[in-house]
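One structure below.
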Amino acid sequence: MLTGSHSRRLNINHEDAVEVVKQLTGGVGADYAVECAGSEATINQAIHMANRGGKVSLAAFPHDPVTIDLAHLVKNNVYAYGIRGEGRSATRRAMALMAEKRFDATKIYTHTFALTDLPTALRYARERIDDAIEVVVSNREADTIADAAAE
């Protein structure tokens with residue numbers, strides 16, 4: 001059984017992501033797919049990665065309207081959810097999953113930069129340098145100050 005604690009990197013220029021997921025799951029597909037790019041291609045890949053009755057979480061905003069394989073979605077009873085705009089309840093659920101170690105949020109971003117490196121972080125995100133998918137900017141100094149103030 002493959003769980004969220006398993007991961008495998010792939011180069012989408014050389015491998016079909018949907019086929020890799022199907023191979024890893026014995027042809028069944030994923031119970032849950034998180035789509036973080038917001039492109040038509042990646043949204044459809046996530047839909048095709050999900051198993052019958054699986055769930056697809058749409059975590060990114062597409063810049064343009066996209067066409068999805070609705071027939072596949074309906075025929076396979078795949079549920080698609082947007083994660084934006086759900087408010088506090090969604091945030092609490094996500095935090096609970098992470099606290100229980102059922103979801104490792106670090107697997108959905110590829111690069112982390114300090115706040116002092118913001119221009120570099122923006123360049124990586126904009127130009128997709130080093131295959132950047134999700135770029136996180138962390139202000140560890142502010143986190144440390146906030147933690148100390150809370151104590």
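Residue names in the structure tokens use chain letters A, B, ... in the order shown, residue numbers from 1 in each chain, and ligand numbers from 1 in the order shown.
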With only C-alpha atoms counted and 10 Å as the cut-off, give the residues of range 21-67 of chain A in contact with range 75-80 of chain A, each with its shortest interatomic distance in Å and the pair that gives it, as CSV.
```
residue,atom,partner,partner_atom,distance
A:Asp31,CA,A:Val78,CA,9.5
A:Tyr32,CA,A:Tyr79,CA,9.5
A:Ala33,CA,A:Ala80,CA,9.4
A:Val34,CA,A:Ala80,CA,9.9
A:Ile43,CA,A:Ala80,CA,9.8
A:Ala46,CA,A:Ala80,CA,9.5
A:Ile47,CA,A:Val78,CA,7.2
A:His48,CA,A:Val78,CA,9.0
A:Met49,CA,A:Val78,CA,10.0
A:Ala50,CA,A:Val78,CA,6.9
A:Asn51,CA,A:Val78,CA,7.3
A:Arg52,CA,A:Asn76,CA,4.8
A:Gly53,CA,A:Asn77,CA,4.8
A:Gly54,CA,A:Val78,CA,5.0
A:Lys55,CA,A:Tyr79,CA,4.7
A:Val56,CA,A:Ala80,CA,4.6
A:Ser57,CA,A:Ala80,CA,6.0
A:Leu58,CA,A:Ala80,CA,7.0
```
Can you spit out the residues from that selection as a compact mmCIF listing (two decimals), in the first residue's frame, using C-alpha atoms?
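Contents of selection.txt, freshly written:
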```txt
# COMPACT_ATOMS: atom_id res chain seq x y z
CA ASP A 31 -6.99 8.19 -3.43
CA TYR A 32 -6.09 11.87 -3.22
CA ALA A 33 -4.25 14.21 -5.59
CA VAL A 34 -3.24 17.79 -4.80
CA ILE A 43 -5.44 19.81 -13.54
CA ALA A 46 -4.59 15.17 -11.35
CA ILE A 47 -8.07 14.12 -12.48
CA HIS A 48 -6.61 11.13 -14.35
CA MET A 49 -4.31 10.21 -11.43
CA ALA A 50 -7.23 9.82 -9.05
CA ASN A 51 -8.84 6.42 -8.61
CA ARG A 52 -12.58 5.73 -8.84
CA GLY A 53 -14.11 7.75 -6.04
CA GLY A 54 -10.83 9.58 -5.51
CA LYS A 55 -10.47 13.23 -4.62
CA VAL A 56 -8.61 16.04 -6.36
CA SER A 57 -7.75 19.15 -4.38
CA LEU A 58 -7.28 22.19 -6.61
```
Item to check | Backbone-only DSSP, helix (DSSP H, G or I) members of range 1-150 of chain A, as a PyMOL selection string | outcome: chain A and resi 17-24+40-49+70-75+88-99+105-108+115-127+129-131+140-150
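Among the candidate residues A:Ala41, A:Glu35, A:Leu115, A:Thr110, the one lying nearest to Tyr81 in chain A is A:Glu35, with distances computed using only C-alpha atoms.
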Checklist entry - Just asking: which residues within range 14-143 of chain A are strand (DSSP E) according to DSSP, as a PyMOL selection string? => result chain A and resi 30-35+50-58+79-82+111-114+135-138
Hey, can you spit out that residue selection with N, CA and C atoms as a short mmCIF file (atom, residue, chain, number, x, y, z; two decimals), in the first residue's frame?
```
data_model
loop_
_atom_site.label_atom_id
_atom_site.label_comp_id
_atom_site.auth_asym_id
_atom_site.auth_seq_id
_atom_site.Cartn_x
_atom_site.Cartn_y
_atom_site.Cartn_z
N ALA A 30 -4.50 7.20 -7.47
CA ALA A 30 -4.36 7.78 -6.13
C ALA A 30 -5.72 8.03 -5.49
N ASP A 31 -5.78 7.84 -4.18
CA ASP A 31 -6.99 8.19 -3.43
C ASP A 31 -7.18 9.70 -3.41
N TYR A 32 -6.05 10.43 -3.40
CA TYR A 32 -6.09 11.87 -3.22
C TYR A 32 -4.96 12.50 -4.01
N ALA A 33 -5.27 13.48 -4.83
CA ALA A 33 -4.25 14.21 -5.59
C ALA A 33 -4.38 15.69 -5.27
N VAL A 34 -3.25 16.35 -5.05
CA VAL A 34 -3.24 17.79 -4.80
C VAL A 34 -2.61 18.45 -6.01
N GLU A 35 -3.36 19.31 -6.68
CA GLU A 35 -2.88 19.99 -7.88
C GLU A 35 -2.47 21.40 -7.47
N ALA A 50 -6.34 10.25 -10.13
CA ALA A 50 -7.23 9.82 -9.05
C ALA A 50 -7.93 8.51 -9.40
N ASN A 51 -8.13 7.68 -8.39
CA ASN A 51 -8.84 6.42 -8.61
C ASN A 51 -10.35 6.66 -8.63
N ARG A 52 -11.12 5.61 -8.90
CA ARG A 52 -12.58 5.73 -8.84
C ARG A 52 -12.97 6.15 -7.44
N GLY A 53 -13.72 7.23 -7.35
CA GLY A 53 -14.11 7.75 -6.04
C GLY A 53 -13.04 8.58 -5.38
N GLY A 54 -11.93 8.80 -6.07
CA GLY A 54 -10.83 9.58 -5.51
C GLY A 54 -11.16 11.07 -5.44
N LYS A 55 -10.27 11.80 -4.82
CA LYS A 55 -10.47 13.23 -4.62
C LYS A 55 -9.30 14.01 -5.22
N VAL A 56 -9.63 15.15 -5.82
CA VAL A 56 -8.61 16.04 -6.36
C VAL A 56 -8.79 17.39 -5.68
N SER A 57 -7.74 17.85 -5.03
CA SER A 57 -7.75 19.15 -4.38
C SER A 57 -7.07 20.15 -5.31
N LEU A 58 -7.81 21.16 -5.71
CA LEU A 58 -7.28 22.19 -6.61
C LEU A 58 -6.76 23.34 -5.75
N TYR A 79 -14.06 13.31 -7.24
CA TYR A 79 -14.50 14.55 -6.62
C TYR A 79 -13.40 15.59 -6.75
N ALA A 80 -13.74 16.78 -7.20
CA ALA A 80 -12.77 17.87 -7.31
C ALA A 80 -13.19 18.98 -6.35
N TYR A 81 -12.23 19.44 -5.56
CA TYR A 81 -12.50 20.46 -4.56
C TYR A 81 -11.54 21.62 -4.74
N GLY A 82 -12.05 22.83 -4.66
CA GLY A 82 -11.20 24.00 -4.57
C GLY A 82 -10.89 24.20 -3.10
N HIS A 111 10.98 24.85 -3.18
CA HIS A 111 12.09 25.74 -2.82
C HIS A 111 11.66 26.64 -1.66
N THR A 112 12.59 26.89 -0.74
CA THR A 112 12.35 27.79 0.38
C THR A 112 13.46 28.83 0.40
N PHE A 113 13.07 30.09 0.55
CA PHE A 113 14.02 31.19 0.61
C PHE A 113 13.75 32.03 1.84
N ALA A 114 14.80 32.66 2.36
CA ALA A 114 14.65 33.62 3.45
C ALA A 114 14.03 34.89 2.89
N VAL A 135 7.14 28.04 -4.43
CA VAL A 135 8.27 28.67 -3.77
C VAL A 135 7.76 29.32 -2.48
N VAL A 136 8.42 29.03 -1.37
CA VAL A 136 8.01 29.55 -0.07
C VAL A 136 9.05 30.56 0.40
N VAL A 137 8.57 31.70 0.90
CA VAL A 137 9.44 32.70 1.49
C VAL A 137 9.18 32.68 2.99
N SER A 138 10.23 32.45 3.76
CA SER A 138 10.10 32.31 5.21
C SER A 138 10.81 33.44 5.92
#
```
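Counting from CA of Asn139 in chain A, the distance to CA of Leu118 in chain A is 10.1 Å.
Remark: for Tyr109 in chain A, the closest of the candidate residues A:Ala17, A:Ala60, A:Ala132, A:Ala121 is A:Ala132 (distances computed over only C-alpha atoms).
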Checklist entry - When you draw a straight line from CA of Ile12 in chain A to CA of Phe103 in chain A, how long is it in Å? => result 23.1 Å
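Distance-wise, CA of Asp16 in chain A and CA of Ala37 in chain A end up 16.1 Å apart.
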